[in-house]
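A.B. asks: So I've got this file, protein33.txt, and it contains compact mmCIF, C-alpha atoms:
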```txt
# COMPACT_ATOMS: atom_id res chain seq x y z
CA MET T 1 0.00 0.00 0.00
CA GLU T 2 1.36 3.37 -0.99
CA THR T 3 2.23 5.70 1.88
CA ALA T 4 -0.26 8.53 2.20
CA LYS T 5 1.05 11.91 1.13
CA ILE T 6 0.79 14.99 3.28
CA LEU T 7 1.29 18.55 2.03
CA VAL T 8 1.75 21.26 4.65
CA MET T 9 1.40 24.93 3.79
CA MET T 10 3.08 27.25 6.30
CA PRO T 11 3.49 30.96 5.57
CA MET T 12 5.13 33.08 8.26
CA LYS T 13 5.56 36.77 8.97
CA PRO T 14 7.30 37.98 12.13
CA GLY T 15 4.98 39.80 14.52
CA ASP T 16 1.95 38.25 12.82
CA PRO T 17 -0.17 35.37 14.17
CA THR T 18 1.49 33.16 11.56
CA GLN T 19 4.69 33.51 13.57
CA HIS T 20 3.04 31.12 16.01
CA THR T 21 1.03 28.93 13.65
CA TYR T 22 4.30 28.35 11.77
CA GLN T 23 5.71 26.75 14.92
CA TRP T 24 2.64 24.54 15.14
CA ALA T 25 3.17 23.58 11.51
CA GLN T 26 6.80 22.67 12.22
CA LYS T 27 5.59 20.24 14.88
CA ALA T 28 3.02 18.88 12.43
CA VAL T 29 5.74 18.26 9.86
CA GLN T 30 7.97 16.47 12.36
CA MET T 31 5.05 14.36 13.53
CA ALA T 32 4.34 13.24 9.99
CA LYS T 33 8.01 12.37 9.47
CA ASP T 34 8.08 10.40 12.71
CA PHE T 35 5.05 8.44 11.54
CA GLY T 36 6.80 7.68 8.27
CA TYR T 37 4.51 9.64 5.97
CA ASP T 38 5.54 11.04 2.63
CA ILE T 39 5.55 14.75 3.45
CA LYS T 40 6.14 17.92 1.49
CA THR T 41 6.13 21.48 2.82
CA ILE T 42 5.67 24.90 1.26
CA GLU T 43 7.05 27.58 3.54
CA LYS T 44 7.18 31.34 3.95
CA ASP T 45 7.80 33.25 0.71
CA ASN T 46 7.26 30.07 -1.31
CA VAL T 47 3.60 29.98 -0.32
CA THR T 48 2.32 31.52 -3.54
CA TYR T 49 -0.77 30.66 -5.57
CA GLU T 50 1.38 29.24 -8.35
CA ASN T 51 3.58 27.10 -6.09
CA VAL T 52 0.71 25.78 -4.02
CA THR T 53 -1.39 24.92 -7.06
CA LYS T 54 1.50 23.20 -8.85
CA SER T 55 2.51 21.30 -5.71
CA ILE T 56 -1.00 19.95 -5.29
CA GLN T 57 -1.17 18.97 -8.95
CA THR T 58 2.14 17.11 -8.92
CA PHE T 59 2.27 15.76 -5.37
CA LYS T 60 -1.43 14.85 -5.10
CA PRO T 61 -1.67 14.90 -1.29
CA ARG T 62 -4.13 12.80 0.62
CA LEU T 63 -3.99 15.35 3.47
CA PHE T 64 -3.55 19.08 2.89
CA ALA T 65 -2.76 20.93 6.11
CA SER T 66 -2.79 24.73 6.12
CA PHE T 67 -1.43 26.72 9.07
CA SER T 68 -2.22 30.15 7.76
CA HIS T 69 -4.60 33.05 7.57
CA GLY T 70 -7.96 32.37 6.02
CA CYS T 71 -10.93 34.19 4.58
CA PRO T 72 -14.45 32.91 3.99
CA ASN T 73 -13.65 31.78 0.45
CA SER T 74 -9.89 31.29 0.51
CA LEU T 75 -6.79 30.24 2.36
CA ILE T 76 -4.04 32.82 2.42
CA GLY T 77 -0.39 32.25 1.65
CA GLN T 78 2.53 34.57 2.31
CA ASN T 79 1.14 37.52 0.32
CA GLU T 80 -1.86 36.30 -1.63
CA CYS T 81 -4.76 33.90 -1.57
CA VAL T 82 -3.57 30.45 -2.57
CA ILE T 83 -6.54 28.09 -2.26
CA THR T 84 -9.82 29.51 -3.39
CA ARG T 85 -13.24 29.18 -4.86
CA LYS T 86 -13.51 32.44 -6.76
CA PHE T 87 -16.86 34.17 -6.89
CA SER T 88 -17.74 36.37 -9.84
CA VAL T 89 -19.39 39.77 -9.35
CA ASP T 90 -22.62 38.32 -10.75
CA GLU T 91 -22.54 35.45 -8.26
CA MET T 92 -21.94 37.86 -5.41
CA LEU T 93 -24.82 40.08 -6.49
CA GLU T 94 -27.06 37.07 -6.86
CA MET T 95 -26.23 35.97 -3.32
CA ASN T 96 -26.95 39.41 -1.90
CA GLU T 97 -30.19 39.83 -3.79
CA SER T 98 -31.43 36.27 -3.32
CA GLY T 99 -33.54 37.05 -0.26
CA ILE T 100 -32.34 33.71 1.15
CA PRO T 101 -30.97 34.48 4.64
CA GLU T 102 -28.24 31.86 4.42
CA LYS T 103 -26.92 33.21 1.10
CA VAL T 104 -27.15 36.83 2.24
CA ASP T 105 -25.27 35.89 5.40
CA VAL T 106 -22.49 34.27 3.36
CA PHE T 107 -22.30 37.34 1.11
CA ARG T 108 -21.96 39.64 4.12
CA LYS T 109 -19.37 37.35 5.67
CA MET T 110 -17.30 37.39 2.49
CA ILE T 111 -17.38 41.20 2.23
CA ASN T 112 -16.89 41.79 5.94
CA PRO T 113 -15.77 38.65 7.77
CA LEU T 114 -15.55 40.29 11.19
CA GLY T 115 -18.95 41.91 11.05
CA GLY T 116 -19.53 44.94 13.22
CA ILE T 117 -16.65 45.88 15.51
CA SER T 118 -16.31 48.75 17.93
CA CYS T 119 -14.02 51.55 18.98
CA PRO T 120 -12.67 51.35 21.61
CA GLY T 121 -12.24 47.68 20.94
CA ILE T 122 -10.67 45.88 18.05
CA CYS T 123 -11.27 48.65 15.59
CA GLU T 124 -7.62 49.16 14.72
CA LEU T 125 -7.30 46.78 11.87
CA SER T 126 -4.70 46.99 9.22
CA ASN T 127 -3.48 44.62 6.55
CA ASP T 128 -6.91 43.15 6.05
CA VAL T 129 -5.95 40.02 4.16
CA CYS T 130 -9.56 39.37 3.18
CA ASN T 131 -10.00 42.70 1.40
CA PRO T 132 -10.15 42.81 -1.56
CA LEU T 133 -11.65 39.41 -2.23
CA CYS T 134 -9.43 36.74 -3.69
CA ASN T 135 -9.12 37.21 -7.45
CA ASN T 136 -7.11 34.08 -8.26
CA LYS T 137 -8.78 31.37 -10.28
CA THR T 138 -10.69 28.66 -8.45
CA ASN T 139 -8.34 25.83 -7.56
CA ILE T 140 -10.09 24.08 -4.68
CA GLY T 141 -10.96 21.32 -7.13
CA GLU T 142 -7.27 20.38 -7.32
CA LEU T 143 -7.76 18.93 -3.84
CA LYS T 144 -10.44 16.52 -4.98
CA ASN T 145 -10.44 13.29 -2.94
CA SER T 146 -8.25 14.78 -0.22
CA ILE T 147 -8.81 15.77 3.38
CA ILE T 148 -8.18 19.45 4.15
CA PHE T 149 -7.16 20.48 7.65
CA ALA T 150 -7.19 24.27 7.90
CA THR T 151 -5.88 25.92 11.04
CA ALA T 152 -7.05 29.25 9.69
CA CYS T 153 -9.84 31.75 10.27
CA PHE T 154 -13.13 31.86 8.39
CA SER T 155 -12.46 29.41 5.56
CA ALA T 156 -15.01 26.80 6.61
CA LYS T 157 -17.72 29.42 6.05
CA GLN T 158 -17.64 29.26 2.25
CA LEU T 159 -14.47 27.60 0.95
CA GLY T 160 -15.09 24.58 3.14
CA ALA T 161 -18.74 24.44 2.18
CA CYS T 162 -17.81 24.63 -1.52
CA SER T 163 -14.95 22.18 -1.24
CA THR T 164 -17.10 19.10 -0.83
CA LYS T 165 -18.99 20.06 -3.99
CA TYR T 166 -15.61 20.07 -5.74
CA GLY T 167 -14.86 16.54 -4.53
CA VAL T 168 -12.89 17.23 -1.36
CA GLN T 169 -13.69 14.35 0.94
CA SER T 170 -13.55 16.20 4.24
CA TYR T 171 -12.83 19.79 5.30
CA ILE T 172 -11.86 20.71 8.85
CA GLY T 173 -11.65 24.42 9.58
CA PHE T 174 -13.24 27.42 11.26
CA GLN T 175 -16.21 29.53 10.31
CA ASP T 176 -15.01 32.57 12.27
CA LEU T 177 -11.82 33.90 13.85
CA LEU T 178 -9.29 31.52 15.29
CA MET T 179 -8.13 33.02 18.60
CA PHE T 180 -5.28 32.31 20.97
CA PRO T 181 -3.32 34.21 23.63
CA VAL T 182 0.41 34.77 23.35
CA ASP T 183 2.44 35.56 26.46
CA THR T 184 5.76 34.96 28.19
CA MET T 185 4.39 31.71 29.62
CA ASN T 186 3.78 30.35 26.10
CA SER T 187 0.04 29.91 26.57
CA GLN T 188 -0.15 29.65 22.79
CA ASP T 189 1.43 26.19 22.99
CA MET T 190 -1.76 24.81 24.55
CA PHE T 191 -3.77 26.04 21.59
CA GLY T 192 -1.31 24.55 19.14
CA GLU T 193 -1.44 21.28 21.04
CA VAL T 194 -5.23 21.17 20.65
CA GLN T 195 -5.02 21.71 16.89
CA LEU T 196 -2.32 19.08 16.57
CA GLU T 197 -4.35 16.59 18.60
CA PHE T 198 -6.77 16.33 15.69
CA TYR T 199 -3.97 16.13 13.17
CA LYS T 200 -2.08 13.48 15.21
CA SER T 201 -5.19 11.35 15.49
CA LEU T 202 -5.55 11.38 11.71
CA LEU T 203 -1.90 10.38 11.35
CA MET T 204 -2.60 7.44 13.63
CA GLY T 205 -5.14 6.20 11.12
CA ASN T 206 -8.30 7.37 12.85
CA THR T 207 -11.32 8.76 11.08
CA VAL T 208 -12.13 12.47 11.03
CA ASN T 209 -14.91 11.72 13.51
CA GLN T 210 -12.56 9.98 15.95
CA ALA T 211 -9.97 12.73 15.54
CA GLU T 212 -12.60 15.30 16.46
CA GLN T 213 -13.49 13.34 19.59
CA ASP T 214 -9.82 13.17 20.56
CA MET T 215 -9.51 16.93 20.05
CA ILE T 216 -12.67 17.65 22.05
CA ARG T 217 -11.36 15.57 24.94
CA LEU T 218 -8.24 17.71 25.17
CA GLU T 219 -10.14 20.95 24.60
CA ASP T 220 -12.63 20.21 27.34
CA LYS T 221 -9.83 19.27 29.70
CA TYR T 222 -8.16 22.66 29.15
CA ILE T 223 -11.42 24.60 29.28
CA LYS T 224 -12.26 23.07 32.66
CA GLN T 225 -8.72 23.39 33.99
CA TYR T 226 -8.42 27.04 32.97
CA LYS T 227 -12.03 28.10 33.39
CA PRO T 228 -11.14 30.74 36.01
CA ILE T 229 -8.72 32.39 33.58
CA LYS T 230 -10.82 34.30 31.09
CA TYR T 231 -8.44 34.66 28.18
CA ILE T 232 -7.49 31.01 28.21
CA SER T 233 -10.90 29.40 28.59
CA LEU T 234 -12.80 31.92 26.45
CA PRO T 235 -10.66 31.64 23.30
CA MET T 236 -10.35 27.86 23.78
CA LEU T 237 -14.15 27.54 23.84
CA TRP T 238 -14.56 30.14 21.07
CA ASN T 239 -12.39 28.00 18.78
CA LYS T 240 -14.34 24.88 19.70
CA VAL T 241 -17.69 26.57 19.01
CA ASN T 242 -16.55 27.91 15.64
CA ARG T 243 -14.87 24.78 14.35
CA ARG T 244 -16.61 23.05 11.46
CA ILE T 245 -16.17 19.53 10.17
CA LEU T 246 -17.62 19.30 6.68
CA GLY T 247 -18.03 16.38 4.30
CA ASP T 248 -17.32 12.77 5.15
CA LYS T 249 -16.66 12.27 8.86
CA ASN T 250 -15.66 8.68 8.19
CA ALA T 251 -12.74 9.81 6.05
CA SER T 252 -9.31 8.65 7.13
CA LEU T 253 -5.87 8.85 5.58
CA TYR T 254 -6.10 5.28 4.31
CA MET R 1 -57.66 5.71 50.95
CA VAL R 2 -55.33 8.54 51.25
CA CYS R 3 -53.11 8.98 48.36
CA GLY R 4 -50.08 10.73 49.59
CA CYS R 5 -47.98 12.21 47.03
CA ASN R 6 -44.82 13.51 48.38
CA LYS R 7 -44.20 15.92 45.61
CA GLN R 8 -40.75 17.28 45.31
CA ALA R 9 -39.91 20.14 43.04
CA ALA R 10 -38.02 18.91 40.01
CA GLN R 11 -34.41 19.43 40.77
CA THR R 12 -32.26 20.75 38.01
CA PRO R 13 -28.60 21.31 38.60
CA GLU R 14 -27.88 24.93 39.14
CA ILE R 15 -25.55 26.37 36.53
CA LYS R 16 -23.35 28.86 38.26
CA LYS R 17 -22.19 31.91 36.40
CA THR R 18 -18.50 31.71 35.64
CA LYS R 19 -16.39 33.80 37.96
CA PHE R 20 -13.00 34.58 36.56
CA GLU R 21 -10.14 34.75 39.00
CA LYS R 22 -7.96 36.55 36.53
CA LEU R 23 -8.01 37.76 32.95
CA SER R 24 -4.89 35.98 31.73
CA LEU R 25 -2.32 33.40 32.76
CA ASP R 26 0.46 35.95 32.46
CA THR R 27 0.00 39.62 33.33
CA PRO R 28 -2.34 41.49 30.97
CA GLU R 29 0.59 43.68 29.94
CA ASN R 30 2.50 40.59 28.78
CA THR R 31 -0.47 39.07 26.99
CA LYS R 32 -1.63 39.57 23.42
CA ILE R 33 -4.65 37.88 21.90
CA MET R 34 -4.13 36.73 18.34
CA ALA R 35 -7.38 36.96 16.43
CA GLY R 36 -7.47 36.75 12.68
CA TYR R 37 -4.73 38.74 11.05
CA ALA R 38 -4.01 41.02 13.99
CA GLU R 39 -3.16 41.01 17.67
CA PHE R 40 -5.07 42.75 20.42
CA SER R 41 -4.60 43.64 24.03
CA ILE R 42 -6.78 42.21 26.77
CA GLN R 43 -8.33 45.66 27.20
CA GLN R 44 -9.30 45.83 23.53
CA LEU R 45 -11.08 42.48 23.77
CA GLU R 46 -12.78 43.57 27.00
CA ASP R 47 -13.95 46.78 25.32
CA GLU R 48 -15.25 44.75 22.41
CA ILE R 49 -17.17 42.40 24.70
CA ASN R 50 -18.65 45.34 26.57
CA SER R 51 -19.76 47.03 23.36
CA ASN R 52 -22.82 45.95 21.44
CA SER R 53 -20.83 45.04 18.34
CA GLU R 54 -21.52 41.85 16.43
CA ILE R 55 -18.33 40.20 17.55
CA GLY R 56 -18.80 41.55 21.09
CA ARG R 57 -22.17 39.81 21.29
CA LYS R 58 -20.68 36.59 19.95
CA LEU R 59 -17.90 36.68 22.53
CA LYS R 60 -20.44 37.31 25.29
CA SER R 61 -22.48 34.37 24.14
CA VAL R 62 -19.44 32.07 24.25
CA GLU R 63 -18.58 33.46 27.69
CA ALA R 64 -22.05 32.40 28.84
CA GLU R 65 -21.40 28.90 27.46
CA LEU R 66 -18.44 28.61 29.83
CA ASP R 67 -20.95 28.42 32.66
CA LYS R 68 -21.74 24.86 31.57
CA TYR R 69 -18.18 23.67 32.19
```
Represent the supplied structure as structure tokens.
C.D. replies:
Amino acid sequence: METAKILVMMPMKPGDPTQHTYQWAQKAVQMAKDFGYDIKTIEKDNVTYENVTKSIQTFKPRLFASFSHGCPNSLIGQNECVITRKFSVDEMLEMNESGIPEKVDVFRKMINPLGGISCPGICELSNDVCNPLCNNKTNIGELKNSIIFATACFSAKQLGACSTKYGVQSYIGFQDLLMFPVDTMNSQDMFGEVQLEFYKSLLMGNTVNQAEQDMIRLEDKYIKQYKPIKYISLPMLWNKVNRRILGDKNASLY
Amino acid sequence: MVCGCNKQAAQTPEIKKTKFEKLSLDTPENTKIMAGYAEFSIQQLEDEINSNSEIGRKLKSVEAELDKY
């Protein structure tokens, strides 16, 4: 039996949340090597639309793991969207004018993923990676028959939902922000550990469903343990609430 | 025949509102919250929760869910 192939996408910018998700990705890569998987990585400045698309086409991964930024209809590489289901202006208008609450909600999420925010609050936003919308050609179909594991914001909202229509077997991601604290006590490591619990379970040959249960067990343990500490338990539960598992929950690497 | 029904009020476990002992594991000054493509201070997130913004309401709703743990 051929060894399953794993492709890991890991952009990184210092001072950006990807500085930390990159470290999680490094652990993911080592884990896959330790398990004896055939693994390929695309890192930092190499995470371009062209490189990612070509790598998928030639390497044909069974598992595509993205530790990156995300938007409702794309995953973001170092400086551009790299995995996407592109929506035309006509499609966007049709969604907005459909009168169907679900479609209107997706339209609004794509235009303004955060929704209403306040000042004082988190109003100081710069480098909005989701604006303008991704203009690269749809390439989510290149991941047909694969499992996508996206440690990234928002992408389960539309990209994940579309992906199964394009033949992706299972999509694991988030429909809203992914949040985690960073401090001198390395609280972020706990959050990375939770993400990697799912990933590790898949590497061990478990189904997506079993991997989710393994992740939930660890999440709940941390939520209970750190319940009295607001900005550990709150983001941990926020991530749990906003995680989405789409497609075939019985999917496994083999 | 006396039918004695010793009725007891249905007992449901009381869900206590979460009381936070502290805001963060480290000091708030040493803590940043990564959210999306930016980082925020504890105070910024607190201001957001206390506002009536969309994300503030969502955060409040998740905070209420913590009561079940």
A.B. asks: I'd like the neighbourhood of R:Ile49 as a PyMOL selection string, where a residue qualifies if any of its atoms comes within 8 Å (using all atoms listed in the file), though same-chain residues fewer than 5 positions away should be ignored.
C.D. replies: chain R and resi 55-57+59-60
A.B. asks: Now that the selection is made, can you save its residues with C-alpha atoms as an mmCIF file, in the coordinates of the input?
C.D. replies:
```cif
data_model
loop_
_atom_site.group_PDB
_atom_site.id
_atom_site.type_symbol
_atom_site.label_atom_id
_atom_site.label_comp_id
_atom_site.auth_asym_id
_atom_site.auth_seq_id
_atom_site.Cartn_x
_atom_site.Cartn_y
_atom_site.Cartn_z
ATOM 1 C CA ILE R 55 -18.330 40.200 17.550
ATOM 2 C CA GLY R 56 -18.800 41.550 21.090
ATOM 3 C CA ARG R 57 -22.170 39.810 21.290
ATOM 4 C CA LEU R 59 -17.900 36.680 22.530
ATOM 5 C CA LYS R 60 -20.440 37.310 25.290
#
```
A.B. asks: To one decimal place in Å, what is the distance between atom CA of T:Asn209 and atom CA of T:Asp248?
C.D. replies: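 Interatomic distance, atom CA of T:Asn209 to atom CA of T:Asp248: 8.8 Å.
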A.B. asks: For T:Asn145, find every residue with an atom within 12 Å (counting all atoms listed in the file), except residues of its own chain fewer than 5 positions away, and show them as a list in words.
C.D. replies: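 Returned residues: Ile56, Lys60, Pro61, Arg62, Leu63, Phe64, Ile140, Ser163, Thr164, Lys165, Tyr166, Gly167, Val168, Gln169, Ser170, Tyr171, Gly247, Asp248, Ala251, Ser252, Leu253 and Tyr254 of chain T.
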A.B. asks: I'd like the contact shell of T:Thr184 - 12 Å cut-off, all atoms listed in the file, skipping same-chain residues fewer than 4 positions apart - returned as a PDB file with C-alpha atoms, in the coordinates of the input.
C.D. replies:
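Full text of result_13.pdb as output:
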```pdb
ATOM      1  CA  GLN T 188      -0.150  29.650  22.790  1.00  0.00           C
ATOM      2  CA  ASP T 189       1.430  26.190  22.990  1.00  0.00           C
TER       3      ASP T 189
ATOM      4  CA  SER R  24      -4.890  35.980  31.730  1.00  0.00           C
ATOM      5  CA  LEU R  25      -2.320  33.400  32.760  1.00  0.00           C
ATOM      6  CA  ASP R  26       0.460  35.950  32.460  1.00  0.00           C
ATOM      7  CA  THR R  27       0.000  39.620  33.330  1.00  0.00           C
ATOM      8  CA  PRO R  28      -2.340  41.490  30.970  1.00  0.00           C
ATOM      9  CA  GLU R  29       0.590  43.680  29.940  1.00  0.00           C
ATOM     10  CA  ASN R  30       2.500  40.590  28.780  1.00  0.00           C
ATOM     11  CA  THR R  31      -0.470  39.070  26.990  1.00  0.00           C
ATOM     12  CA  LYS R  32      -1.630  39.570  23.420  1.00  0.00           C
TER      13      LYS R  32
END
```
A.B. asks: Could you tell me how far atom CA of T:Gln78 lies from atom CA of T:Gln57, in Å and to one decimal?
C.D. replies: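 Interatomic distance here is 19.6 Å.
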A.B. asks: In terms of the shortest atom-to-atom distance over all atoms listed in the file, which of T:Gly173, T:Pro113, T:Gly205, T:Pro101 is closest to chain R?
C.D. replies: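 Ranked by minimum distance to chain R, first place goes to T:Pro113.
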A.B. asks: When you draw a straight line from atom CA of T:Tyr49 to atom CA of T:Ala156, how long is it in Å?
C.D. replies: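 Atom CA of T:Ala156 lies at a distance of 19.1 Å from atom CA of T:Tyr49.
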A.B. asks: When you count all atoms listed in the file, which of these residues is closest to chain R: T:Cys153, T:Met1, T:Met92, T:Leu7?
C.D. replies: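 Ranked by minimum distance to chain R, first place goes to T:Cys153.
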A.B. asks: Give me the residues within 9 Å of R:Met34 as a list of chain:residue names, counting all atoms listed in the file and dropping any in the same chain fewer than 4 places off.
C.D. replies: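 What passes the distance filter is T:Asp16, T:Pro17, T:Leu178, T:Met179, T:Phe180, T:Pro181, T:Val182, R:Ala38, R:Glu39, R:Phe40, R:Ser41.
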A.B. asks: Of the residues T:Gln19, T:Glu97, T:Lys33, T:Asn51, which is the one nearest to chain R, using all atoms listed in the file?
C.D. replies: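 Among the listed residues, the smallest separation from chain R belongs to T:Gln19.
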A.B. asks: Go through chain R residue by residue and, counting all atoms listed in the file, keep those with an atom at most 6 Å from chain T; for each kept residue give the shortest atom pair and its distance in Å to one decimal, ordered by chain and increasing number, as a tab-separated table.
C.D. replies:
```
residue	atom	partner	partner_atom	distance
R:Phe20	CA	T:Pro228	CA	4.3
R:Glu21	CA	T:Pro228	CA	5.1
R:Lys22	CA	T:Ile229	CA	5.2
R:Leu23	CA	T:Lys230	CA	4.8
R:Ser24	CA	T:Tyr231	CA	5.2
R:Asn30	CA	T:Asp183	CA	5.5
R:Thr31	CA	T:Asp183	CA	4.6
R:Lys32	CA	T:Val182	CA	5.2
R:Ile33	CA	T:Pro181	CA	4.3
R:Met34	CA	T:Phe180	CA	5.3
R:Ala35	CA	T:Met179	CA	4.6
R:Gly36	CA	T:Leu177	CA	5.3
R:Gln44	CA	T:Gly121	CA	4.3
R:Asp47	CA	T:Gly121	CA	4.8
R:Glu48	CA	T:Gly121	CA	4.5
R:Ser53	CA	T:Ile117	CA	5.1
R:Glu54	CA	T:Gly116	CA	4.9
R:Tyr69	CA	T:Lys224	CA	6.0
```
A.B. asks: Can you pull out every residue within 12 Å of T:Ile42, counting only C-alpha atoms, but drop anything in the same chain fewer than 6 positions away, and send it as number ranges by chain?
C.D. replies: T: 6-12, 22, 25-26, 29, 48-56, 59, 64-68, 77-78, 82
A.B. asks: Please enclose the listed atoms of stretch 26-39 of chain R in an axis-aligned box, pad each side by 3 Å, and write out the centre and the three edge lengths in Å, rounded to one decimal, as AutoDock Vina command-line options.
C.D. replies:
```
--center_x -2.5 --center_y 39.8 --center_z 22.2 --size_x 16.0 --size_y 13.7 --size_z 28.3
```
A.B. asks: Give as a list in words every residue, naming chains and numbers as the document does, that has an atom within 7 Å of (-17.9, 26.3, 8.8), counting only C-alpha atoms.
C.D. replies: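 Using only C-alpha atoms, the matching residues come out as Ala156, Lys157, Gly160, Ala161, Gly173, Phe174, Gln175, Arg243 and Arg244 of chain T.
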